[in-house]
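Shown next: query.txt, containing compact mmCIF, C-alpha atoms and all ligand atoms.
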# COMPACT_ATOMS: atom_id res chain seq x y z
CA MET A 8 -2.01 -23.41 21.46
CA ARG A 9 -1.65 -25.55 24.55
CA VAL A 10 -0.23 -29.05 24.11
CA THR A 11 0.21 -31.44 26.99
CA SER A 12 2.07 -34.71 26.90
CA ASN A 13 3.14 -37.38 29.37
CA VAL A 14 6.78 -36.87 28.52
CA LEU A 15 7.04 -33.09 28.15
CA SER A 16 6.27 -30.65 30.92
CA GLU A 17 3.80 -27.89 30.10
CA GLU A 18 6.68 -25.40 29.91
CA GLN A 19 8.71 -27.61 27.60
CA ALA A 20 5.70 -28.17 25.35
CA ALA A 21 4.93 -24.43 25.25
CA PHE A 22 8.54 -23.70 24.29
CA LEU A 23 8.45 -26.28 21.48
CA VAL A 24 5.15 -24.91 20.19
CA ARG A 25 6.63 -21.41 19.98
CA GLN A 26 9.95 -22.19 18.28
CA ARG A 27 9.99 -22.23 14.48
CA VAL A 28 12.98 -24.49 13.84
CA ALA A 29 14.69 -27.41 15.56
CA ARG A 30 17.54 -29.78 14.81
CA LEU A 31 16.79 -33.43 14.18
CA ALA A 32 19.59 -35.86 15.00
CA THR A 33 19.49 -39.36 13.62
CA ALA A 34 22.11 -42.10 13.43
CA ASP A 35 22.56 -44.96 11.01
CA GLY A 36 22.79 -48.63 11.99
CA ALA A 37 26.49 -48.22 12.83
CA GLY A 38 25.76 -45.22 15.04
CA ASN A 39 27.15 -42.54 12.70
CA PRO A 40 25.37 -39.31 13.65
CA HIS A 41 23.58 -36.93 11.29
CA ALA A 42 21.74 -33.70 12.12
CA VAL A 43 19.57 -31.37 10.04
CA PRO A 44 17.48 -28.29 10.79
CA VAL A 45 13.77 -29.07 10.55
CA CYS A 46 10.39 -27.39 10.71
CA TYR A 47 8.12 -29.33 13.00
CA SER A 48 4.76 -29.39 14.76
CA LEU A 49 4.04 -30.72 18.20
CA ALA A 50 0.89 -32.71 18.90
CA GLN A 51 -0.33 -34.43 22.04
CA SER A 52 2.00 -37.40 21.87
CA SER A 53 4.15 -36.86 18.77
CA ILE A 54 6.33 -34.41 16.92
CA TYR A 55 5.75 -34.26 13.17
CA ILE A 56 8.26 -33.31 10.48
CA ALA A 57 7.35 -33.04 6.81
CA LEU A 58 9.50 -34.31 3.99
CA ASP A 59 8.85 -31.33 1.81
CA GLU A 60 9.80 -29.94 -1.53
CA LYS A 61 12.43 -27.47 -0.37
CA PRO A 62 15.11 -27.91 -3.04
CA LYS A 63 16.79 -31.21 -2.33
CA ASP A 64 18.88 -33.15 -4.79
CA VAL A 65 17.57 -36.61 -3.90
CA PRO A 66 14.11 -38.19 -3.69
CA VAL A 67 12.76 -38.08 -0.12
CA SER A 68 13.17 -41.83 0.34
CA HIS A 69 16.93 -41.42 -0.20
CA LEU A 70 17.33 -38.64 2.34
CA LYS A 71 19.90 -39.57 4.93
CA ARG A 72 17.52 -38.83 7.81
CA VAL A 73 14.92 -41.19 6.27
CA ARG A 74 17.43 -43.98 5.67
CA ASN A 75 18.78 -43.57 9.19
CA ILE A 76 15.32 -43.78 10.75
CA LEU A 77 14.64 -46.98 8.79
CA GLU A 78 17.91 -48.46 10.05
CA ASN A 79 17.73 -47.06 13.57
CA PRO A 80 14.58 -45.39 14.90
CA HIS A 81 16.30 -43.64 17.84
CA VAL A 82 16.36 -39.89 17.27
CA ALA A 83 16.80 -36.66 19.19
CA LEU A 84 15.27 -33.28 18.42
CA ILE A 85 16.56 -30.08 19.94
CA ALA A 86 14.93 -26.64 19.74
CA ASP A 87 16.81 -23.74 21.22
CA ARG A 88 16.74 -20.00 21.64
CA TYR A 89 19.92 -17.97 21.30
CA THR A 90 20.10 -14.26 22.07
CA GLU A 91 22.94 -11.91 22.98
CA ASP A 92 21.22 -11.58 26.35
CA TRP A 93 22.36 -14.86 27.86
CA GLY A 94 19.70 -14.60 30.52
CA LEU A 95 17.25 -15.65 27.77
CA LEU A 96 19.07 -18.73 26.49
CA ALA A 97 17.05 -21.93 26.55
CA PHE A 98 16.63 -25.30 24.91
CA VAL A 99 14.46 -28.39 24.97
CA MET A 100 15.78 -31.73 23.76
CA VAL A 101 13.42 -34.62 23.13
CA ARG A 102 14.61 -38.17 22.62
CA GLY A 103 12.40 -40.87 21.22
CA LYS A 104 11.68 -43.26 18.40
CA ALA A 105 10.78 -42.07 14.94
CA GLU A 106 8.62 -43.71 12.33
CA LEU A 107 7.41 -42.76 8.89
CA LEU A 108 3.70 -42.15 8.46
CA ASP A 109 2.26 -43.23 5.14
CA PRO A 110 0.18 -40.72 3.18
CA ASP A 111 -3.58 -41.15 3.35
CA THR A 112 -3.61 -42.46 6.90
CA GLU A 113 -5.64 -40.57 9.48
CA GLU A 114 -2.58 -39.56 11.50
CA HIS A 115 -0.76 -38.38 8.36
CA THR A 116 -3.71 -36.16 7.40
CA ALA A 117 -3.85 -34.70 10.91
CA ALA A 118 -0.09 -34.09 10.88
CA VAL A 119 -0.28 -32.29 7.51
CA ARG A 120 -3.04 -30.09 8.91
CA LEU A 121 -0.93 -29.25 11.97
CA LEU A 122 2.17 -28.47 9.93
CA ARG A 123 0.21 -26.24 7.56
CA GLY A 124 -1.31 -24.48 10.54
CA LYS A 125 2.14 -23.61 11.84
CA TYR A 126 3.92 -22.86 8.54
CA HIS A 127 1.86 -21.09 5.88
CA GLN A 128 4.57 -22.01 3.31
CA TYR A 129 3.37 -25.61 3.47
CA GLU A 130 0.00 -24.57 2.04
CA GLU A 131 1.71 -24.26 -1.34
CA MET A 132 3.65 -27.54 -1.05
CA ARG A 133 2.37 -31.04 -1.68
CA ILE A 134 3.57 -32.39 1.66
CA GLU A 135 0.56 -34.70 1.77
CA GLU A 136 2.16 -36.84 -0.95
CA ASN A 137 5.27 -37.75 1.07
CA PRO A 138 5.62 -39.69 4.31
CA ILE A 139 5.78 -37.61 7.49
CA ILE A 140 8.31 -38.30 10.21
CA ALA A 141 6.57 -38.88 13.55
CA ILE A 142 8.70 -38.80 16.68
CA ARG A 143 7.21 -40.56 19.69
CA PRO A 144 8.95 -38.81 22.61
CA GLU A 145 10.36 -41.03 25.37
CA ASN A 146 12.08 -38.39 27.46
CA ALA A 147 12.80 -34.68 27.42
CA VAL A 148 15.41 -32.49 29.00
CA SER A 149 15.52 -28.71 29.02
CA TRP A 150 17.53 -25.82 30.31
CA GLY A 151 17.29 -22.05 30.61
CA ALA A 152 14.61 -19.40 30.43
CA LEU A 153 11.95 -21.49 28.73
CA ASP A 154 9.17 -19.19 29.83
CA LYS A 155 10.52 -15.97 28.25
CA GLN A 156 8.45 -14.95 25.24
CA GLY A 157 9.45 -13.71 21.79
CA ALA A 158 10.92 -15.51 18.81
CA SER A 159 14.21 -13.62 18.87
CA GLY A 160 14.40 -13.78 22.60
CA ALA A 161 13.33 -10.19 23.05
CA ASN A 162 10.08 -9.78 24.84
CA VAL A 163 7.60 -7.99 22.54
CA LEU A 164 7.18 -5.22 25.13
CA ASP A 165 10.97 -4.72 25.18
CA THR A 166 10.83 -4.23 21.42
CA ILE A 167 7.91 -1.80 21.73
CA HIS A 168 9.63 0.15 24.51
CA GLY A 169 13.00 0.16 22.75
CA ARG A 170 11.82 1.46 19.35
CA ARG A 171 12.00 5.18 18.77
CA SER A 172 11.78 7.56 15.84
CA VAL A 173 15.14 8.19 14.25
CA ARG A 174 15.77 11.25 12.10
CA ARG A 175 19.51 11.07 11.33
CA TYR A 176 21.18 8.14 9.64
CA LEU A 177 24.68 6.87 8.96
CA GLN A 178 25.68 6.46 5.33
CA LYS A 179 25.56 2.70 5.63
CA GLY A 180 23.52 0.44 3.39
CA VAL A 181 20.74 -1.80 4.67
CA PRO A 182 20.91 -5.47 3.61
CA GLU A 183 18.05 -6.40 1.29
CA ASP A 184 16.95 -9.30 3.46
CA LEU A 185 16.36 -6.94 6.37
CA VAL A 186 14.22 -4.66 4.20
CA GLU A 187 12.27 -7.72 3.17
CA ARG A 188 11.83 -8.72 6.82
CA VAL A 189 10.36 -5.30 7.52
CA LEU A 190 7.96 -5.62 4.56
CA GLU A 191 7.05 -9.15 5.61
CA ALA A 192 6.03 -7.82 9.03
CA ALA A 193 3.91 -5.13 7.38
CA ARG A 194 2.24 -7.76 5.17
CA TRP A 195 0.98 -9.59 8.26
CA ALA A 196 -0.82 -6.59 9.72
CA PRO A 197 -4.52 -7.03 10.50
CA SER A 198 -6.78 -5.55 7.82
CA PRO A 199 -10.52 -5.12 7.21
CA HIS A 200 -11.95 -8.34 5.72
CA GLY A 201 -8.31 -9.44 5.35
CA ARG A 202 -8.15 -7.36 2.13
CA GLN A 203 -4.76 -5.75 2.88
CA PRO A 204 -5.65 -2.25 1.63
CA TRP A 205 -2.05 -1.04 1.38
CA ARG A 206 0.87 -1.26 -0.99
CA PHE A 207 4.53 -0.40 -0.48
CA ALA A 208 7.10 1.32 -2.67
CA VAL A 209 10.74 0.86 -1.72
CA ILE A 210 13.10 3.66 -2.73
CA THR A 211 16.87 3.42 -2.48
CA LYS A 212 18.28 5.37 -5.47
CA GLU A 213 19.67 8.83 -4.76
CA GLU A 214 18.05 10.45 -7.78
CA THR A 215 14.62 9.03 -6.95
CA LYS A 216 14.92 10.27 -3.38
CA GLU A 217 15.88 13.68 -4.71
CA ARG A 218 12.89 13.82 -7.06
CA LEU A 219 10.61 12.84 -4.20
CA ALA A 220 12.18 15.37 -1.82
CA ASP A 221 11.81 18.12 -4.45
CA ALA A 222 8.16 17.32 -5.07
CA MET A 223 7.19 17.13 -1.42
CA GLY A 224 9.35 20.14 -0.53
CA GLU A 225 7.60 22.30 -3.12
CA GLU A 226 4.22 21.51 -1.60
CA TRP A 227 5.44 22.08 1.94
CA ARG A 228 7.08 25.37 0.99
CA ALA A 229 3.78 26.61 -0.46
CA ASN A 230 1.94 25.62 2.74
CA LEU A 231 4.49 27.21 5.08
CA GLU A 232 4.52 30.42 3.05
CA MET A 233 0.74 30.46 3.05
CA GLU A 234 0.86 30.25 6.87
CA GLY A 235 3.09 33.36 6.80
CA GLN A 236 6.19 31.62 8.23
CA ARG A 237 9.43 33.65 8.07
CA ALA A 238 11.64 32.85 5.07
CA GLU A 239 14.56 31.55 7.15
CA VAL A 240 12.24 29.28 9.15
CA VAL A 241 10.81 27.90 5.92
CA GLU A 242 14.30 27.25 4.54
CA LYS A 243 15.48 25.57 7.73
CA ARG A 244 12.50 23.24 7.97
CA LEU A 245 12.66 22.32 4.30
CA GLU A 246 16.37 21.66 4.49
CA GLY A 247 15.90 19.41 7.56
CA SER A 248 13.20 17.38 5.87
CA ARG A 249 15.18 17.07 2.63
CA ARG A 250 18.28 15.92 4.51
CA ARG A 251 16.27 13.24 6.31
CA LEU A 252 15.00 11.87 3.02
CA LEU A 253 18.37 11.89 1.31
CA ASP A 254 20.34 10.53 4.29
CA ALA A 255 18.11 7.55 4.96
CA PRO A 256 19.48 4.59 2.97
CA VAL A 257 15.99 3.15 2.38
CA LEU A 258 12.57 4.77 2.15
CA VAL A 259 9.39 2.74 2.31
CA LEU A 260 6.34 4.58 1.05
CA ILE A 261 3.11 3.14 2.41
CA CYS A 262 0.08 3.77 0.23
CA LEU A 263 -3.58 3.16 0.77
CA TYR A 264 -5.21 0.91 -1.84
CA LEU A 265 -8.99 0.99 -1.60
CA GLU A 266 -9.94 -0.99 -4.71
CA ASP A 267 -10.57 -4.33 -2.95
CA LEU A 268 -12.76 -2.93 -0.19
CA ASP A 269 -16.51 -3.27 0.09
CA VAL A 270 -18.70 -0.65 -1.56
CA TYR A 271 -21.78 0.66 0.27
CA PRO A 272 -24.69 2.70 -1.00
CA ASP A 273 -24.54 5.07 1.98
CA ALA A 274 -21.79 7.55 2.85
CA GLN A 275 -21.58 6.60 6.52
CA ARG A 276 -20.66 2.97 5.95
CA GLN A 277 -18.36 3.92 3.09
CA HIS A 278 -16.59 6.33 5.39
CA GLY A 279 -16.26 3.56 8.00
CA GLU A 280 -14.79 1.25 5.38
CA THR A 281 -12.17 3.82 4.40
CA THR A 282 -11.37 4.57 8.03
CA MET A 283 -10.78 0.87 8.66
CA ALA A 284 -8.34 0.82 5.76
CA VAL A 285 -6.44 3.79 7.21
CA GLN A 286 -6.40 2.14 10.64
CA SER A 287 -4.98 -0.98 9.04
CA LEU A 288 -2.31 1.06 7.25
CA GLY A 289 -1.24 2.33 10.67
CA ALA A 290 -1.01 -1.26 11.91
CA ALA A 291 1.13 -2.20 8.90
CA ALA A 292 3.40 0.77 9.56
CA GLN A 293 3.80 -0.15 13.22
CA ASN A 294 4.54 -3.80 12.33
CA ALA A 295 7.22 -2.51 9.97
CA LEU A 296 8.73 -0.20 12.61
CA LEU A 297 8.86 -2.95 15.21
CA ALA A 298 10.35 -5.46 12.77
CA ALA A 299 12.96 -2.86 11.79
CA TYR A 300 13.93 -2.34 15.40
CA ASP A 301 13.92 -6.06 16.07
CA SER A 302 16.27 -6.49 13.06
CA GLY A 303 18.78 -4.01 14.47
CA LEU A 304 17.64 -1.19 12.16
CA ASP A 305 16.40 2.26 13.04
CA ALA A 306 13.37 3.85 11.49
CA GLY A 307 11.31 7.00 11.36
CA TRP A 308 7.88 8.03 10.12
CA MET A 309 7.27 11.02 7.85
CA CYS A 310 3.75 12.16 7.11
CA ALA A 311 4.71 14.47 4.20
CA PRO A 312 3.28 12.26 1.37
CA LEU A 313 -0.16 12.52 2.94
CA PHE A 314 -0.29 16.20 1.99
CA CYS A 315 0.61 15.81 -1.67
CA PRO A 316 -0.38 12.26 -2.64
CA GLU A 317 -0.91 12.95 -6.35
CA LYS A 318 2.48 14.57 -6.70
CA VAL A 319 4.15 11.59 -5.02
CA VAL A 320 2.34 9.15 -7.30
CA GLU A 321 3.38 11.17 -10.32
CA VAL A 322 7.01 11.63 -9.40
CA LEU A 323 7.46 7.94 -8.56
CA GLY A 324 5.42 6.73 -11.53
CA LEU A 325 3.07 4.70 -9.29
CA ASP A 326 -0.35 3.24 -10.04
CA ALA A 327 -2.82 6.14 -9.90
CA ARG A 328 -5.11 4.14 -7.59
CA LEU A 329 -2.54 4.35 -4.79
CA VAL A 330 -2.83 7.04 -2.14
CA PRO A 331 0.53 7.67 -0.46
CA HIS A 332 0.08 8.10 3.30
CA ALA A 333 3.36 7.60 5.11
CA LEU A 334 7.02 7.42 4.41
CA LEU A 335 9.19 5.23 6.61
CA THR A 336 12.90 5.97 6.69
CA LEU A 337 15.13 2.95 7.38
CA GLY A 338 18.80 2.77 8.24
CA TYR A 339 21.24 2.92 11.11
CA ALA A 340 20.99 5.85 13.52
CA GLU A 341 23.80 8.37 13.49
CA GLY A 342 25.16 8.85 17.01
CA ASP A 343 23.20 7.78 20.06
CA PRO A 344 19.59 6.89 19.36
CA PRO A 345 17.26 9.71 20.39
CA LYS A 346 15.93 9.70 23.95
CA ARG A 347 12.73 7.87 24.50
CA ARG A 348 9.81 10.25 24.32
CA SER A 349 7.74 9.95 27.47
CA ARG A 350 4.19 8.69 27.39
CA LYS A 351 1.07 9.48 29.39
CA ALA A 352 0.51 7.10 32.28
CA LEU A 353 -1.97 4.30 31.69
CA ASP A 354 -4.42 5.71 34.21
CA GLU A 355 -4.74 8.83 32.04
CA LEU A 356 -5.58 6.72 29.03
CA VAL A 357 -7.71 3.90 30.35
CA VAL A 358 -10.99 3.59 32.21
CA TYR A 359 -12.25 0.28 33.44
CA ARG A 360 -15.98 -0.42 33.36
CA ASP A 361 -16.97 -3.64 35.08
C1 LIG B 1 0.89 9.27 11.71
C2 LIG B 1 2.26 9.72 12.18
C3 LIG B 1 2.90 10.71 11.46
C4 LIG B 1 4.18 11.13 11.83
N1 LIG B 1 4.83 12.05 11.08
C5 LIG B 1 6.07 12.45 11.43
C6 LIG B 1 6.76 13.42 10.62
O1 LIG B 1 6.28 13.85 9.59
N2 LIG B 1 7.99 13.80 11.02
C7 LIG B 1 8.58 13.30 12.16
O2 LIG B 1 9.69 13.70 12.48
N3 LIG B 1 7.95 12.37 12.92
C8 LIG B 1 6.72 11.94 12.58
N4 LIG B 1 6.08 10.99 13.34
C9 LIG B 1 6.79 10.40 14.50
C10 LIG B 1 6.31 10.98 15.81
O3 LIG B 1 6.75 12.31 15.98
C11 LIG B 1 6.87 10.10 16.93
O4 LIG B 1 6.37 8.79 16.79
C12 LIG B 1 6.48 10.61 18.30
O5 LIG B 1 7.08 11.85 18.54
C13 LIG B 1 6.90 9.64 19.40
O6 LIG B 1 8.29 9.42 19.38
P1 LIG B 1 8.88 7.94 19.23
O7 LIG B 1 8.36 7.38 17.92
O8 LIG B 1 10.37 8.13 19.22
O9 LIG B 1 8.41 7.14 20.40
C14 LIG B 1 4.81 10.56 12.97
C15 LIG B 1 4.14 9.57 13.69
C16 LIG B 1 2.89 9.15 13.28
C17 LIG B 1 2.21 8.03 14.04
Encoding of this model in structure tokens:
Amino acid sequence: MRVTSNVLSEEQAAFLVRQRVARLATADGAGNPHAVPVCYSLAQSSIYIALDEKPKDVPVSHLKRVRNILENPHVALIADRYTEDWGLLAFVMVRGKAELLDPDTEEHTAAVRLLRGKYHQYEEMRIEENPIIAIRPENAVSWGALDKQGASGANVLDTIHGRRSVRRYLQKGVPEDLVERVLEAARWAPSPHGRQPWRFAVITKEETKERLADAMGEEWRANLEMEGQRAEVVEKRLEGSRRRLLDAPVLVLICLYLEDLDVYPDAQRQHGETTMAVQSLGAAAQNALLAAYDSGLDAGWMCAPLFCPEKVVEVLGLDARLVPHALLTLGYAEGDPPKRRSRKALDELVVYRD
């Protein structure tokens, strides 16, 4: 989204559009300051802030920020980016006058639409029933690397380049909110018709991991023996795989779920539909891996469930309509993270056709 304004430079506006949270400073009639974090949307000549239903103990009209604005319309809003790489620090501060938009006015309706466009959480909240704060910017100041992309400060390519498959973990638990962040990233993967043909099972208990490792190990042993592998090779590979499963503090099993997909009378289109679902599962897995890395976690991908899906469903007591495809291990890498595996050069992978 590109927003231009007389007060904000294009760079400042782009930075404000990208940030998810800002701080709104108001002051009462006597000049006593007050600041709160706010979600906001930027439009051509205003910044909008909803008075929403996040748990608050007073009616919106009693909120300090609202009372302050009624007493003294001068406000400041600051959005900033902090990262440990101080070369990426930046902020934009906008000063201006604030007013409260009454529900059912044209501008209020447009502001609600903008806010819901930026924050999907507002779709479930009745923000249209409360006034909206509109800041009319009068001046803006900024500092730092406004033009660097990425919500956390890391450029998305840095995250992609930095991630690598980890196969040995420290015995250190993973906070639940980080696991949820990983799952949240997976949830936002692109999917055919937006049907999200995947489900996730999170496994953290030792005994469940052991049951899973036993079930998958049995199948793998049978396959390796069938291939005529030497007994000690079979034992070594099975032991390695079992250790990976048991060492990883969290396992996320990604399953295909085809029930909501379209059904075709011909095999070719049906096959295409299933392939799209598998492609989408890969996208969900990659979202999860990148979010894990971005959250300071390490992760790995194990394909073992793909080769014994029914056994995995049975041993974990999952819905029989799920088809386990991939197991992601999550935790903190033991020792130095593995070296980055090299990649083919782009000119080996890409042709350009004008
Ligand atoms: C579909 C798929 C299945 C994979 N299965 C396994 C696996 O079973 N065991 C394993 O150690 N790595 C597995 N990997 C990880 C790859 O070996 C790894 O991504 C690749 O070697 C590149 O290394 P990097 O991820 O560190 O860049 C799998 C990756 C994908 C995409």
Notebook entry, point to check: Which polymer residues have any atom within 8 Å of an atom of Trp150 of chain A, counting only C-alpha atoms, with same-chain residues fewer than 4 positions away left out, as an NGL selection string?
Noted result: :A and (97-99)
Separating atom CA of Gln286 of chain A from atom CA of Pro199 of chain A, to the nearest tenth of an Å, is a gap of 9.0 Å
From the list A:Ser172, A:Gln293, A:Ser349, A:Thr33, the nearest residue to ligand LIG 1 (chain B) using all atoms listed in the file is A:Ser172
One residue among A:Ala152, A:Ala306, A:Val45, A:Ala352 is nearest to Gly338 of chain A when using all atoms listed in the file, and that residue is A:Ala306
- Neighbours of Val73 of chain A within 9 Å (only C-alpha atoms; same-chain residues fewer than 4 positions away dropped), as a list of chain:residue names? A:Thr33, A:Val67, A:Ser68, A:His69, A:Leu77, A:Glu78, A:Leu107, A:Ile140
Spatial neighbours of Pro331 of chain A, max dist 12 Å, only C-alpha atoms, sep filter under 5 positions, as a PyMOL selection string:
chain A and resi 204-208+219+223+259-265+285+288+309-323+325-326
Using all atoms listed in the file, the residue out of A:Ala117, A:Leu329, A:Leu356, A:Leu334 with shortest distance to ligand LIG 1 (chain B) is A:Leu334
Go through the chains and note each residue within 8 Å of ligand LIG 1 (chain B), using only C-alpha atoms and all ligand atoms, then give the set as a PDB file with C-alpha atoms, in the frame of the given file.
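Below you can see selection-v4.pdb, which holds the result:
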ATOM      1  CA  ARG A 170      11.820   1.460  19.350  1.00  0.00           C
ATOM      2  CA  ARG A 171      12.000   5.180  18.770  1.00  0.00           C
ATOM      3  CA  SER A 172      11.780   7.560  15.840  1.00  0.00           C
ATOM      4  CA  VAL A 173      15.140   8.190  14.250  1.00  0.00           C
ATOM      5  CA  ARG A 174      15.770  11.250  12.100  1.00  0.00           C
ATOM      6  CA  GLY A 289      -1.240   2.330  10.670  1.00  0.00           C
ATOM      7  CA  GLY A 307      11.310   7.000  11.360  1.00  0.00           C
ATOM      8  CA  TRP A 308       7.880   8.030  10.120  1.00  0.00           C
ATOM      9  CA  MET A 309       7.270  11.020   7.850  1.00  0.00           C
ATOM     10  CA  CYS A 310       3.750  12.160   7.110  1.00  0.00           C
ATOM     11  CA  ALA A 311       4.710  14.470   4.200  1.00  0.00           C
ATOM     12  CA  ALA A 333       3.360   7.600   5.110  1.00  0.00           C
ATOM     13  CA  PRO A 345      17.260   9.710  20.390  1.00  0.00           C
ATOM     14  CA  LYS A 346      15.930   9.700  23.950  1.00  0.00           C
ATOM     15  CA  ARG A 347      12.730   7.870  24.500  1.00  0.00           C
ATOM     16  CA  ARG A 348       9.810  10.250  24.320  1.00  0.00           C
ATOM     17  CA  SER A 349       7.740   9.950  27.470  1.00  0.00           C
TER      18      SER A 349
END
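Take the candidates A:Val24, A:Ile142, A:Ala50, A:Ile76 and check each one against Gly38 of chain A using only C-alpha atoms; the shortest distance goes to A:Ile76.
With all atoms listed in the file as the atoms that count, the residue of A:Gln51, A:Arg228, A:Val257, A:Gly303 with the shortest distance to Val241 of chain A is A:Arg228.
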Restricting to all atoms listed in the file, whichever of A:Ala20, A:Ala42, A:Met132, A:Leu296 is closest to Ala57 of chain A is A:Met132
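With atom CA of Gly151 of chain A on one side and atom CA of Phe22 of chain A on the other, the separation reads 10.9 Å.
Interatomic distance, atom CA of Ala196 of chain A against atom CA of Tyr89 of chain A: 26.3 Å.
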Can you tell me, as JSON, numbers by chain, what residues are no more than 12 Å from His127 of chain A when counting all atoms listed in the file, ignoring any on the same chain fewer than 5 positions away?
{"A": [27, 46, 119, 120, 121, 122, 132, 195]}
Q) Got a sec: who's within 7 Å of Pro110 of chain A, counting all atoms listed in the file, leaving out chain neighbours fewer than 2 positions off, as a PyMOL selection string? A) chain A and resi 108+112+115+135-138
Can you give me all heavy atoms for segment 321-327 of chain A, written as a compact mmCIF listing (two decimals), in the frame of the given file?
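The result, stored in out25.txt:
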# COMPACT_ATOMS: atom_id res chain seq x y z
N GLU A 321 2.86 10.74 -9.02
CA GLU A 321 3.38 11.17 -10.32
C GLU A 321 4.91 11.05 -10.38
O GLU A 321 5.46 10.45 -11.30
CB GLU A 321 2.94 12.60 -10.57
CG GLU A 321 3.23 13.07 -11.98
CD GLU A 321 3.04 14.57 -12.11
OE1 GLU A 321 2.12 15.12 -11.47
OE2 GLU A 321 3.85 15.18 -12.83
N VAL A 322 5.55 11.57 -9.36
CA VAL A 322 7.01 11.63 -9.40
C VAL A 322 7.64 10.23 -9.32
O VAL A 322 8.72 9.98 -9.85
CB VAL A 322 7.53 12.61 -8.33
CG1 VAL A 322 7.60 11.98 -6.96
CG2 VAL A 322 8.87 13.15 -8.70
N LEU A 323 6.92 9.31 -8.66
CA LEU A 323 7.46 7.94 -8.56
C LEU A 323 6.91 7.02 -9.65
O LEU A 323 7.25 5.84 -9.71
CB LEU A 323 7.15 7.35 -7.18
CG LEU A 323 7.81 8.04 -5.98
CD1 LEU A 323 7.38 7.38 -4.68
CD2 LEU A 323 9.33 8.03 -6.09
N GLY A 324 6.01 7.54 -10.46
CA GLY A 324 5.42 6.73 -11.53
C GLY A 324 4.63 5.55 -10.98
O GLY A 324 4.70 4.43 -11.49
N LEU A 325 3.83 5.79 -9.92
CA LEU A 325 3.07 4.70 -9.29
C LEU A 325 1.68 4.58 -9.92
O LEU A 325 1.21 5.50 -10.60
CB LEU A 325 2.91 4.98 -7.79
CG LEU A 325 4.20 5.05 -6.97
CD1 LEU A 325 3.88 5.46 -5.54
CD2 LEU A 325 4.93 3.71 -6.98
N ASP A 326 1.03 3.47 -9.64
CA ASP A 326 -0.35 3.24 -10.04
C ASP A 326 -1.22 4.38 -9.47
O ASP A 326 -1.13 4.70 -8.27
CB ASP A 326 -0.76 1.89 -9.42
CG ASP A 326 -2.16 1.45 -9.81
OD1 ASP A 326 -3.02 2.32 -9.99
OD2 ASP A 326 -2.37 0.23 -9.91
N ALA A 327 -2.04 4.97 -10.32
CA ALA A 327 -2.82 6.14 -9.90
C ALA A 327 -3.86 5.81 -8.83
O ALA A 327 -4.42 6.71 -8.20
CB ALA A 327 -3.50 6.76 -11.11
